[in-house]
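Student: Provided below: run_8.cif, containing mmCIF, C-alpha atoms (C1' of nucleotides); chains and numbers go by the auth columns.
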data_start
#
loop_
_atom_site.group_PDB
_atom_site.id
_atom_site.type_symbol
_atom_site.label_atom_id
_atom_site.label_comp_id
_atom_site.label_asym_id
_atom_site.label_seq_id
_atom_site.Cartn_x
_atom_site.Cartn_y
_atom_site.Cartn_z
_atom_site.B_iso_or_equiv
_atom_site.auth_seq_id
_atom_site.auth_asym_id
ATOM 1 C CA MET A 1 93.664 79.322 77.753 0.00 1 A
ATOM 2 C CA LYS A 2 93.151 78.048 74.261 0.00 2 A
ATOM 3 C CA ASN A 3 95.053 79.556 71.350 0.00 3 A
ATOM 4 C CA LEU A 4 95.682 79.248 67.641 0.00 4 A
ATOM 5 C CA ILE A 5 99.473 79.367 67.837 0.00 5 A
ATOM 6 C CA LYS A 6 100.081 75.940 66.349 0.00 6 A
ATOM 7 C CA GLU A 7 97.610 76.519 63.520 0.00 7 A
ATOM 8 C CA ILE A 8 98.987 79.936 62.603 0.00 8 A
ATOM 9 C CA ARG A 9 102.599 78.769 62.952 0.00 9 A
ATOM 10 C CA MET A 10 101.947 75.950 60.502 0.00 10 A
ATOM 11 C CA GLU A 11 100.078 78.260 58.149 0.00 11 A
ATOM 12 C CA LEU A 12 103.168 80.424 58.090 0.00 12 A
ATOM 13 C CA GLY A 13 105.402 77.385 57.611 0.00 13 A
ATOM 14 C CA PHE A 14 107.474 77.834 60.764 0.00 14 A
ATOM 15 C CA THR A 15 108.907 75.076 62.889 0.00 15 A
ATOM 16 C CA GLN A 16 108.640 75.379 66.657 0.00 16 A
ATOM 17 C CA GLY A 17 112.340 76.135 66.767 0.00 17 A
ATOM 18 C CA GLU A 18 112.048 78.954 64.260 0.00 18 A
ATOM 19 C CA LEU A 19 109.103 80.453 66.085 0.00 19 A
ATOM 20 C CA SER A 20 110.923 80.294 69.398 0.00 20 A
ATOM 21 C CA GLU A 21 113.845 82.201 67.862 0.00 21 A
ATOM 22 C CA LYS A 22 111.629 84.880 66.385 0.00 22 A
ATOM 23 C CA LEU A 23 109.869 85.338 69.702 0.00 23 A
ATOM 24 C CA GLU A 24 113.076 85.063 71.715 0.00 24 A
ATOM 25 C CA VAL A 25 111.735 82.359 73.971 0.00 25 A
ATOM 26 C CA SER A 26 112.744 78.736 74.413 0.00 26 A
ATOM 27 C CA ARG A 27 111.323 75.941 72.294 0.00 27 A
ATOM 28 C CA GLN A 28 109.873 74.485 75.481 0.00 28 A
ATOM 29 C CA THR A 29 107.820 77.628 75.871 0.00 29 A
ATOM 30 C CA ILE A 30 106.383 77.212 72.370 0.00 30 A
ATOM 31 C CA ILE A 31 105.558 73.578 72.970 0.00 31 A
ATOM 32 C CA SER A 32 103.861 74.313 76.276 0.00 32 A
ATOM 33 C CA LEU A 33 101.965 77.241 74.796 0.00 33 A
ATOM 34 C CA GLU A 34 100.718 75.189 71.856 0.00 34 A
ATOM 35 C CA LYS A 35 99.651 72.487 74.268 0.00 35 A
ATOM 36 C CA GLY A 36 97.788 75.086 76.341 0.00 36 A
ATOM 37 C CA ARG A 37 99.836 74.147 79.380 0.00 37 A
ATOM 38 C CA TYR A 38 100.092 77.666 80.639 0.00 38 A
ATOM 39 C CA ASN A 39 98.971 81.205 80.179 0.00 39 A
ATOM 40 C CA PRO A 40 101.612 83.429 78.713 0.00 40 A
ATOM 41 C CA SER A 41 102.594 86.816 80.033 0.00 41 A
ATOM 42 C CA LEU A 42 100.898 89.750 78.367 0.00 42 A
ATOM 43 C CA ILE A 43 104.228 90.784 76.884 0.00 43 A
ATOM 44 C CA LEU A 44 104.670 87.446 75.164 0.00 44 A
ATOM 45 C CA ALA A 45 101.090 87.606 73.913 0.00 45 A
ATOM 46 C CA PHE A 46 101.811 91.020 72.395 0.00 46 A
ATOM 47 C CA LYS A 47 104.957 89.671 70.726 0.00 47 A
ATOM 48 C CA ILE A 48 103.045 86.770 69.241 0.00 48 A
ATOM 49 C CA ALA A 49 100.230 89.018 68.049 0.00 49 A
ATOM 50 C CA LYS A 50 102.709 91.365 66.420 0.00 50 A
ATOM 51 C CA LEU A 51 104.599 88.556 64.695 0.00 51 A
ATOM 52 C CA PHE A 52 101.376 86.930 63.515 0.00 52 A
ATOM 53 C CA ASN A 53 99.914 90.298 62.566 0.00 53 A
ATOM 54 C CA ARG A 54 96.679 89.593 64.418 0.00 54 A
ATOM 55 C CA SER A 55 95.032 90.855 67.558 0.00 55 A
ATOM 56 C CA ILE A 56 95.562 89.098 70.864 0.00 56 A
ATOM 57 C CA GLU A 57 91.841 88.411 70.971 0.00 57 A
ATOM 58 C CA ASP A 58 92.077 86.651 67.609 0.00 58 A
ATOM 59 C CA ILE A 59 94.804 84.318 68.784 0.00 59 A
ATOM 60 C CA PHE A 60 93.905 83.585 72.398 0.00 60 A
ATOM 61 C CA GLU A 61 90.645 82.503 73.929 0.00 61 A
ATOM 62 C CA PRO A 62 90.430 82.518 77.713 0.00 62 A
ATOM 63 C CA ASP A 63 88.805 79.479 79.308 0.00 63 A
ATOM 64 C CA GLU A 64 85.265 80.424 80.263 0.00 64 A
ATOM 65 C CA VAL A 65 84.360 82.884 82.953 0.00 65 A
ATOM 66 C CA GLU A 66 87.327 82.873 85.248 0.00 66 A
ATOM 67 C CA MET B 1 104.019 98.057 80.070 0.00 1 B
ATOM 68 C CA LYS B 2 101.904 101.192 80.130 0.00 2 B
ATOM 69 C CA ASN B 3 98.172 101.003 80.592 0.00 3 B
ATOM 70 C CA LEU B 4 95.041 103.064 81.056 0.00 4 B
ATOM 71 C CA ILE B 5 93.707 101.189 84.062 0.00 5 B
ATOM 72 C CA LYS B 6 93.742 104.109 86.448 0.00 6 B
ATOM 73 C CA GLU B 7 92.127 106.427 83.914 0.00 7 B
ATOM 74 C CA ILE B 8 89.367 104.007 83.002 0.00 8 B
ATOM 75 C CA ARG B 9 88.801 103.002 86.623 0.00 9 B
ATOM 76 C CA MET B 10 88.261 106.642 87.561 0.00 10 B
ATOM 77 C CA GLU B 11 86.047 107.217 84.545 0.00 11 B
ATOM 78 C CA LEU B 12 83.885 104.388 85.807 0.00 12 B
ATOM 79 C CA GLY B 13 83.950 105.748 89.338 0.00 13 B
ATOM 80 C CA PHE B 14 85.557 102.721 90.966 0.00 14 B
ATOM 81 C CA THR B 15 87.951 102.766 93.871 0.00 15 B
ATOM 82 C CA GLN B 16 91.009 100.536 93.746 0.00 16 B
ATOM 83 C CA GLY B 17 89.367 98.307 96.316 0.00 17 B
ATOM 84 C CA GLU B 18 86.207 97.923 94.277 0.00 18 B
ATOM 85 C CA LEU B 19 88.162 97.148 91.143 0.00 19 B
ATOM 86 C CA SER B 20 90.246 94.557 92.939 0.00 20 B
ATOM 87 C CA GLU B 21 87.063 92.819 94.114 0.00 21 B
ATOM 88 C CA LYS B 22 85.534 92.800 90.653 0.00 22 B
ATOM 89 C CA LEU B 23 88.719 91.379 89.182 0.00 23 B
ATOM 90 C CA GLU B 24 89.280 88.996 92.088 0.00 24 B
ATOM 91 C CA VAL B 25 92.803 90.163 92.724 0.00 25 B
ATOM 92 C CA SER B 26 94.353 91.962 95.655 0.00 26 B
ATOM 93 C CA ARG B 27 94.348 95.732 95.973 0.00 27 B
ATOM 94 C CA GLN B 28 98.135 95.583 95.864 0.00 28 B
ATOM 95 C CA THR B 29 97.885 94.096 92.400 0.00 29 B
ATOM 96 C CA ILE B 30 95.735 97.011 91.232 0.00 30 B
ATOM 97 C CA ILE B 31 98.115 99.555 92.710 0.00 31 B
ATOM 98 C CA SER B 32 101.137 97.898 91.129 0.00 32 B
ATOM 99 C CA LEU B 33 99.384 97.562 87.793 0.00 33 B
ATOM 100 C CA GLU B 34 98.340 101.200 87.760 0.00 34 B
ATOM 101 C CA LYS B 35 101.886 102.188 88.618 0.00 35 B
ATOM 102 C CA GLY B 36 103.152 100.021 85.737 0.00 36 B
ATOM 103 C CA ARG B 37 105.260 98.022 88.162 0.00 37 B
ATOM 104 C CA TYR B 38 104.667 94.747 86.396 0.00 38 B
ATOM 105 C CA ASN B 39 103.176 93.028 83.434 0.00 39 B
ATOM 106 C CA PRO B 40 99.984 91.186 84.161 0.00 40 B
ATOM 107 C CA SER B 41 99.200 87.672 83.071 0.00 41 B
ATOM 108 C CA LEU B 42 97.183 87.355 79.889 0.00 42 B
ATOM 109 C CA ILE B 43 94.260 86.034 81.904 0.00 43 B
ATOM 110 C CA LEU B 44 94.179 89.123 84.096 0.00 44 B
ATOM 111 C CA ALA B 45 94.439 91.307 80.996 0.00 45 B
ATOM 112 C CA PHE B 46 91.424 89.519 79.521 0.00 46 B
ATOM 113 C CA LYS B 47 89.471 90.004 82.747 0.00 47 B
ATOM 114 C CA ILE B 48 90.265 93.702 82.773 0.00 48 B
ATOM 115 C CA ALA B 49 89.367 94.092 79.105 0.00 49 B
ATOM 116 C CA LYS B 50 86.067 92.321 79.658 0.00 50 B
ATOM 117 C CA LEU B 51 85.185 94.406 82.704 0.00 51 B
ATOM 118 C CA PHE B 52 86.151 97.627 80.947 0.00 52 B
ATOM 119 C CA ASN B 53 84.471 96.521 77.747 0.00 53 B
ATOM 120 C CA ARG B 54 87.515 97.374 75.635 0.00 54 B
ATOM 121 C CA SER B 55 90.142 95.416 73.777 0.00 55 B
ATOM 122 C CA ILE B 56 93.398 94.487 75.447 0.00 56 B
ATOM 123 C CA GLU B 57 95.201 96.542 72.831 0.00 57 B
ATOM 124 C CA ASP B 58 93.147 99.590 73.821 0.00 58 B
ATOM 125 C CA ILE B 59 94.097 99.303 77.465 0.00 59 B
ATOM 126 C CA PHE B 60 97.696 98.102 77.403 0.00 60 B
ATOM 127 C CA GLU B 61 100.667 99.401 75.487 0.00 61 B
ATOM 128 C CA PRO B 62 103.822 97.308 75.581 0.00 62 B
ATOM 129 C CA ASP B 63 107.084 99.179 76.141 0.00 63 B
ATOM 130 C CA GLU B 64 108.813 99.528 72.786 0.00 64 B
ATOM 131 C CA VAL B 65 110.295 96.694 70.819 0.00 65 B
ATOM 132 C CA GLU B 66 111.093 94.102 73.408 0.00 66 B
ATOM 133 C "C1'" DG C 1 91.132 116.558 116.623 0.00 1 C
ATOM 134 C "C1'" DA C 2 89.405 111.680 116.474 0.00 2 C
ATOM 135 C "C1'" DG C 3 87.518 108.567 112.939 0.00 3 C
ATOM 136 C "C1'" DT C 4 86.910 106.918 108.317 0.00 4 C
ATOM 137 C "C1'" DG C 5 87.877 106.063 103.434 0.00 5 C
ATOM 138 C "C1'" DA C 6 90.995 106.052 99.583 0.00 6 C
ATOM 139 C "C1'" DT C 7 95.648 105.785 98.078 0.00 7 C
ATOM 140 C "C1'" DG C 8 100.330 104.428 98.712 0.00 8 C
ATOM 141 C "C1'" DT C 9 104.778 101.896 100.424 0.00 9 C
ATOM 142 C "C1'" DA C 10 107.421 97.872 102.384 0.00 10 C
ATOM 143 C "C1'" DA C 11 108.504 93.211 103.117 0.00 11 C
ATOM 144 C "C1'" DA C 12 107.975 88.310 103.240 0.00 12 C
ATOM 145 C "C1'" DG C 13 105.873 84.356 101.034 0.00 13 C
ATOM 146 C "C1'" DT C 14 103.585 81.452 97.242 0.00 14 C
ATOM 147 C "C1'" DA C 15 102.683 80.015 92.548 0.00 15 C
ATOM 148 C "C1'" DG C 16 103.515 79.616 87.986 0.00 16 C
ATOM 149 C "C1'" DG C 17 105.756 81.392 83.567 0.00 17 C
ATOM 150 C "C1'" DC C 18 109.877 80.458 81.338 0.00 18 C
ATOM 151 C "C1'" DT C 19 114.697 78.414 80.900 0.00 19 C
ATOM 152 C "C1'" DT C 20 117.950 74.829 80.532 0.00 20 C
ATOM 153 C "C1'" DT C 21 119.419 70.245 79.967 0.00 21 C
ATOM 154 C "C1'" DA C 22 118.718 65.740 78.776 0.00 22 C
ATOM 155 C "C1'" DC C 23 116.409 62.139 76.652 0.00 23 C
ATOM 156 C "C1'" DG C 24 112.681 59.584 73.461 0.00 24 C
ATOM 157 C "C1'" DT C 25 110.432 58.935 69.050 0.00 25 C
ATOM 158 C "C1'" DA C 26 109.044 59.080 64.336 0.00 26 C
ATOM 159 C "C1'" DA C 27 109.835 60.501 59.493 0.00 27 C
ATOM 160 C "C1'" DA C 28 112.819 61.320 55.729 0.00 28 C
ATOM 161 C "C1'" DG C 29 117.263 61.211 53.308 0.00 29 C
ATOM 162 C "C1'" DT C 30 121.747 59.088 52.143 0.00 30 C
ATOM 163 C "C1'" DA D 1 121.763 51.218 59.269 0.00 1 D
ATOM 164 C "C1'" DC D 2 122.991 55.838 60.369 0.00 2 D
ATOM 165 C "C1'" DT D 3 122.017 60.825 60.516 0.00 3 D
ATOM 166 C "C1'" DT D 4 119.256 64.682 60.660 0.00 4 D
ATOM 167 C "C1'" DT D 5 115.099 67.239 61.548 0.00 5 D
ATOM 168 C "C1'" DA D 6 110.947 68.187 63.973 0.00 6 D
ATOM 169 C "C1'" DC D 7 108.125 67.264 67.801 0.00 7 D
ATOM 170 C "C1'" DG D 8 107.451 65.776 72.469 0.00 8 D
ATOM 171 C "C1'" DT D 9 108.254 64.698 77.725 0.00 9 D
ATOM 172 C "C1'" DA D 10 110.542 65.282 82.334 0.00 10 D
ATOM 173 C "C1'" DA D 11 112.757 67.579 85.966 0.00 11 D
ATOM 174 C "C1'" DA D 12 115.268 71.132 88.309 0.00 12 D
ATOM 175 C "C1'" DG D 13 115.834 76.017 88.910 0.00 13 D
ATOM 176 C "C1'" DC D 14 115.140 81.146 88.381 0.00 14 D
ATOM 177 C "C1'" DC D 15 112.341 85.095 88.287 0.00 15 D
ATOM 178 C "C1'" DT D 16 108.410 87.687 88.878 0.00 16 D
ATOM 179 C "C1'" DA D 17 103.331 88.201 89.112 0.00 17 D
ATOM 180 C "C1'" DC D 18 100.411 88.193 92.788 0.00 18 D
ATOM 181 C "C1'" DT D 19 99.083 87.683 97.921 0.00 19 D
ATOM 182 C "C1'" DT D 20 99.009 88.994 102.622 0.00 20 D
ATOM 183 C "C1'" DT D 21 99.867 91.881 106.433 0.00 21 D
ATOM 184 C "C1'" DA D 22 101.101 95.998 108.417 0.00 22 D
ATOM 185 C "C1'" DC D 23 101.734 100.703 108.486 0.00 23 D
ATOM 186 C "C1'" DA D 24 101.738 105.881 106.579 0.00 24 D
ATOM 187 C "C1'" DT D 25 99.482 109.856 104.521 0.00 25 D
ATOM 188 C "C1'" DC D 26 95.919 112.856 102.970 0.00 26 D
ATOM 189 C "C1'" DA D 27 91.133 114.545 102.655 0.00 27 D
ATOM 190 C "C1'" DC D 28 86.841 114.741 104.631 0.00 28 D
ATOM 191 C "C1'" DT D 29 83.471 114.651 108.218 0.00 29 D
ATOM 192 C "C1'" DC D 30 81.763 114.655 112.928 0.00 30 D
#
Here is the file; what I need is its structure written in the form of C-alpha coordinates.

Tutor:
Amino acid sequence: MKNLIKEIRMELGFTQGELSEKLEVSRQTIISLEKGRYNPSLILAFKIAKLFNRSIEDIFEPDEVE
Amino acid sequence: MKNLIKEIRMELGFTQGELSEKLEVSRQTIISLEKGRYNPSLILAFKIAKLFNRSIEDIFEPDEVE
DNA sequence: GAGTGATGTAAAGTAGGCTTTACGTAAAGT
DNA sequence: ACTTTACGTAAAGCCTACTTTACATCACTC
(Lines of atoms letter the chains of each structure in order from A and count residues from 1; the text may use other names and numbers.)
(Lines give C-alpha, C1' and ligand atoms only; values in the text may rest on other atoms or scores of the structure.)
Protein backbone atom coordinates (compact mmCIF):
# COMPACT_ATOMS: atom_id res chain seq x y z
CA MET A 1 0.00 0.00 0.00
CA LYS A 2 1.66 3.14 -1.21
CA ASN A 3 0.65 6.52 0.17
CA LEU A 4 1.45 10.21 0.08
CA ILE A 5 1.56 10.72 3.84
CA LYS A 6 5.17 11.82 4.01
CA GLU A 7 4.79 14.21 1.08
CA ILE A 8 1.60 15.81 2.40
CA ARG A 9 2.95 15.97 5.96
CA MET A 10 6.00 17.86 4.74
CA GLU A 11 3.88 20.12 2.56
CA LEU A 12 1.95 21.03 5.67
CA GLY A 13 5.16 21.49 7.65
CA PHE A 14 4.47 18.86 10.30
CA THR A 15 7.03 16.68 11.99
CA GLN A 16 6.25 13.00 12.45
CA GLY A 17 5.73 13.66 16.13
CA GLU A 18 3.23 16.43 15.49
CA LEU A 19 1.32 14.32 13.00
CA SER A 20 1.19 11.40 15.41
CA GLU A 21 -0.32 13.68 18.06
CA LYS A 22 -2.93 15.07 15.72
CA LEU A 23 -3.91 11.58 14.64
CA GLU A 24 -3.67 10.16 18.15
CA VAL A 25 -1.36 7.36 17.15
CA SER A 26 2.24 6.63 18.07
CA ARG A 27 5.17 8.07 16.16
CA GLN A 28 6.13 4.51 15.28
CA THR A 29 2.83 4.17 13.47
CA ILE A 30 3.58 7.27 11.38
CA ILE A 31 7.05 6.05 10.53
CA SER A 32 5.81 2.62 9.52
CA LEU A 33 2.97 4.11 7.50
CA GLU A 34 5.28 6.47 5.64
CA LYS A 35 7.59 3.57 4.94
CA GLY A 36 4.64 1.56 3.61
CA ARG A 37 5.33 -1.16 6.15
CA TYR A 38 1.70 -1.87 6.78
CA ASN A 39 -1.82 -1.15 5.74
CA PRO A 40 -3.67 1.05 8.15
CA SER A 41 -7.12 0.39 9.50
CA LEU A 42 -9.93 2.10 7.64
CA ILE A 43 -10.55 4.29 10.68
CA LEU A 44 -7.01 5.60 10.65
CA ALA A 45 -7.25 6.19 6.91
CA PHE A 46 -10.39 8.25 7.47
CA LYS A 47 -8.65 10.27 10.19
CA ILE A 48 -5.71 10.98 7.91
CA ALA A 49 -7.98 11.94 5.02
CA LYS A 50 -9.94 14.28 7.24
CA LEU A 51 -6.82 15.93 8.66
CA PHE A 52 -5.28 16.28 5.20
CA ASN A 53 -8.59 17.39 3.73
CA ARG A 54 -8.33 14.91 0.88
CA SER A 55 -10.08 11.72 -0.10
CA ILE A 56 -8.71 8.36 0.97
CA GLU A 57 -8.28 7.49 -2.69
CA ASP A 58 -6.11 10.57 -3.16
CA ILE A 59 -3.77 9.61 -0.36
CA PHE A 60 -3.55 5.83 -0.59
CA GLU A 61 -2.88 3.60 -3.55
CA PRO A 62 -3.37 -0.12 -3.05
CA ASP A 63 -0.66 -2.37 -4.47
CA GLU A 64 -1.95 -3.82 -7.72
CA VAL A 65 -4.77 -6.28 -8.01
CA GLU A 66 -4.85 -7.98 -4.66
CA MET B 1 -18.16 2.11 11.37
CA LYS B 2 -21.41 2.09 9.44
CA ASN B 3 -21.53 0.94 5.85
CA LEU B 4 -23.83 0.19 2.95
CA ILE B 5 -22.43 -3.23 2.13
CA LYS B 6 -25.61 -5.16 2.74
CA GLU B 7 -27.70 -2.67 0.77
CA ILE B 8 -25.37 -2.61 -2.21
CA ARG B 9 -24.86 -6.37 -2.13
CA MET B 10 -28.61 -6.90 -2.33
CA GLU B 11 -28.96 -4.28 -5.05
CA LEU B 12 -26.45 -6.28 -7.05
CA GLY B 13 -28.23 -9.53 -6.26
CA PHE B 14 -25.33 -11.23 -4.51
CA THR B 15 -25.57 -13.62 -1.61
CA GLN B 16 -23.15 -13.24 1.28
CA GLY B 17 -21.37 -16.34 0.06
CA GLU B 18 -20.94 -14.98 -3.44
CA LEU B 19 -19.66 -11.67 -2.15
CA SER B 20 -17.18 -13.39 0.13
CA GLU B 21 -15.81 -15.34 -2.84
CA LYS B 22 -15.47 -12.25 -5.00
CA LEU B 23 -13.67 -10.43 -2.21
CA GLU B 24 -11.63 -13.47 -1.21
CA VAL B 25 -12.63 -13.30 2.42
CA SER B 26 -14.68 -15.64 4.56
CA ARG B 27 -18.45 -15.45 4.77
CA GLN B 28 -18.04 -14.67 8.46
CA THR B 29 -16.16 -11.54 7.51
CA ILE B 30 -19.04 -10.41 5.30
CA ILE B 31 -21.59 -11.08 8.02
CA SER B 32 -19.55 -9.21 10.62
CA LEU B 33 -18.92 -6.32 8.25
CA GLU B 34 -22.59 -5.99 7.37
CA LYS B 35 -23.44 -6.06 11.06
CA GLY B 36 -20.86 -3.31 11.67
CA ARG B 37 -19.04 -5.55 14.11
CA TYR B 38 -15.62 -4.38 13.06
CA ASN B 39 -13.65 -1.99 10.97
CA PRO B 40 -12.12 -3.52 7.90
CA SER B 41 -8.56 -3.07 6.78
CA LEU B 42 -7.99 -0.38 4.19
CA ILE B 43 -7.12 -3.04 1.64
CA LEU B 44 -10.45 -4.78 2.10
CA ALA B 45 -12.22 -1.42 1.87
CA PHE B 46 -10.46 -0.77 -1.44
CA LYS B 47 -11.47 -4.20 -2.73
CA ILE B 48 -15.08 -3.59 -1.80
CA ALA B 49 -15.07 -0.13 -3.35
CA LYS B 50 -13.60 -1.50 -6.56
CA LEU B 51 -16.10 -4.35 -6.77
CA PHE B 52 -19.01 -2.04 -6.02
CA ASN B 53 -17.63 0.63 -8.31
CA ARG B 54 -18.02 3.35 -5.69
CA SER B 55 -15.68 5.38 -3.54
CA ILE B 56 -14.75 4.22 -0.07
CA GLU B 57 -16.35 7.37 1.29
CA ASP B 58 -19.62 6.44 -0.41
CA ILE B 59 -19.72 3.02 1.20
CA PHE B 60 -18.29 3.57 4.67
CA GLU B 61 -19.15 6.15 7.28
CA PRO B 62 -16.88 6.35 10.30
CA ASP B 63 -18.59 6.64 13.69
CA GLU B 64 -18.41 10.27 14.77
CA VAL B 65 -15.26 12.08 15.73
CA GLU B 66 -12.96 9.36 16.90
C1' DG C 1 -41.82 -33.38 6.36
C1' DA C 2 -37.09 -34.20 4.44
C1' DG C 3 -33.69 -31.51 1.79
C1' DT C 4 -31.53 -27.33 0.26
C1' DG C 5 -30.02 -22.51 0.25
C1' DA C 6 -29.33 -18.20 2.59
C1' DT C 7 -28.58 -15.92 6.86
C1' DG C 8 -27.01 -15.87 11.52
C1' DT C 9 -24.42 -17.07 16.10
C1' DA C 10 -20.50 -19.04 18.90
C1' DA C 11 -15.91 -20.18 19.90
C1' DA C 12 -11.10 -21.05 19.21
C1' DG C 13 -7.05 -19.80 16.57
C1' DT C 14 -3.86 -16.91 13.49
C1' DA C 15 -1.92 -12.69 11.66
C1' DG C 16 -0.91 -8.15 11.60
C1' DG C 17 -1.98 -3.20 13.04
C1' DC C 18 -0.51 -0.41 16.63
C1' DT C 19 1.88 0.62 21.19
C1' DT C 20 5.69 1.09 24.17
C1' DT C 21 10.40 1.30 25.31
C1' DA C 22 14.96 1.73 24.22
C1' DC C 23 18.64 2.91 21.40
C1' DG C 24 21.32 5.00 17.04
C1' DT C 25 22.35 8.80 13.98
C1' DA C 26 22.70 13.17 11.73
C1' DA C 27 21.94 18.22 11.66
C1' DA C 28 21.79 22.53 13.91
C1' DG C 29 22.48 25.68 17.81
C1' DT C 30 25.02 27.35 21.91
C1' DA D 1 31.94 19.36 22.94
C1' DC D 2 27.31 19.13 24.54
C1' DT D 3 22.29 19.47 23.82
C1' DT D 4 18.27 19.34 21.29
C1' DT D 5 15.36 18.06 17.49
C1' DA D 6 13.85 15.08 13.91
C1' DC D 7 14.11 10.71 11.82
C1' DG D 8 14.96 5.84 11.98
C1' DT D 9 15.44 0.72 13.71
C1' DA D 10 14.44 -3.28 16.84
C1' DA D 11 11.86 -6.11 19.79
C1' DA D 12 8.22 -7.46 22.85
C1' DG D 13 3.35 -7.30 23.72
C1' DC D 14 -1.71 -6.22 23.15
C1' DC D 15 -5.79 -6.11 20.55
C1' DT D 16 -8.69 -7.06 16.91
C1' DA D 17 -9.56 -8.14 11.99
C1' DC D 18 -10.20 -12.25 9.81
C1' DT D 19 -10.41 -17.56 9.45
C1' DT D 20 -12.29 -21.98 10.32
C1' DT D 21 -15.56 -25.15 12.00
C1' DA D 22 -19.80 -26.31 13.75
C1' DC D 23 -24.43 -25.64 14.58
C1' DA D 24 -29.32 -23.09 14.44
C1' DT D 25 -33.15 -20.97 12.00
C1' DC D 26 -36.16 -19.70 8.34
C1' DA D 27 -38.11 -20.04 3.65
C1' DC D 28 -38.83 -22.71 -0.18
C1' DT D 29 -39.40 -26.83 -2.81
C1' DC D 30 -40.10 -31.73 -3.61

Student: Counting only C-alpha atoms (C1' of nucleotides), which residues from chain D have an atom at most 12 Å from any atom of chain A, and could you show them as a ChimeraX atom specification?

Tutor: /D:5-10,16-17

Student: Pick out the residues sitting within 12 Å of Ala49 in chain A, and hand them over as number ranges by chain; count only C-alpha atoms (C1' of nucleotides), and ignore anything fewer than 3 positions along from it in its own chain.

Tutor: A: 3-5, 8-9, 23, 42-46, 52-60; B: 56-57, 62

Student: For the atom pair C1' of DA24 in chain D and CA of Gly13 in chain B, what is the interatomic distance in Å to one decimal place?

Tutor: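 Taking C1' of DA24 in chain D as the start and CA of Gly13 in chain B as the end point, the length is 24.8 Å.
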
Student: Measuring atom to atom with all atoms listed in the file, identify which of C:DG8, C:DG13, C:DG1, C:DG24 is nearest to DC18 in chain D.

Tutor: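 For DC18 in chain D, the nearest of the candidates is C:DG13.
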
Student: What residues in chain C lie within 12 Å of chain B, counting all atoms listed in the file, written as a list in words?

Tutor: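 On the chain C side, the interface is DG5, DA6, DT7, DG8, DT9, DA10, DG16 and DG17 of chain C.
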
Student: In terms of the shortest atom-to-atom distance over only C-alpha atoms, which of B:Val25, B:Ile30, B:Leu19, B:Met10 is closest to chain A?

Tutor: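 So, comparing all the options, the nearest one is B:Val25.
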
Student: Where's the centre, and what are the edge lengths in Å to one decimal, of a box along x, y and z enclosing all listed atoms of range 40-50 of chain A padded 6 Å per side, as AutoDock Vina command-line options?

Tutor:
--center_x 102.6 --center_y 87.4 --center_z 73.2 --size_x 16.7 --size_y 19.9 --size_z 25.6

Student: Can you work out which one of D:DC2, D:DA22, D:DA11, D:DC30 has the shortest atom-to-atom distance to DA22 in chain C, counting only C-alpha atoms (C1' of nucleotides)?

Tutor: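 Comparing D:DC2, D:DA22, D:DA11, D:DC30 against DA22 in chain C, the winner is D:DA11.
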
Student: So what do you get for C1' of DA12 in chain D versus CA of Ser26 in chain A, distance-wise?

Tutor: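 We find that C1' of DA12 in chain D and CA of Ser26 in chain A lie 16.0 Å from each other.
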
Student: Run the PyMOL selection byres ((chain D and resi 3) around 12) against the file shown and list the residues it catches, as a PyMOL selection string.

Tutor: (chain C and resi 28-30) or (chain D and resi 1-2+4-5)

Student: Pick from A:Arg27, A:Met1, A:Glu21, A:Ser32: nearest to chain B, with all atoms listed in the file counted?

Tutor: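 Comparing A:Arg27, A:Met1, A:Glu21, A:Ser32 against chain B, the winner is A:Met1.
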
Student: Would you mind reading off the distance between C1' of DT14 in chain C and C1' of DT19 in chain D, one decimal, in Å?

Tutor: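 Taking C1' of DT14 in chain C and C1' of DT19 in chain D, their separation equals 7.7 Å.
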
Student: Could you check the closest approach to Pro40 in chain A for each of C:DC18, C:DA11, C:DC23, C:DA2 and tell me which residue wins, using only C-alpha atoms (C1' of nucleotides)?

Tutor: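 Checking each of C:DC18, C:DA11, C:DC23, C:DA2 against Pro40 in chain A, counting only C-alpha atoms (C1' of nucleotides), the winner is C:DC18.
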
Student: Quick one: of A:Lys47, A:Arg37, A:Lys6, A:Ser20, who's nearest to chain B, counting all atoms listed in the file?

Tutor: A:Lys47
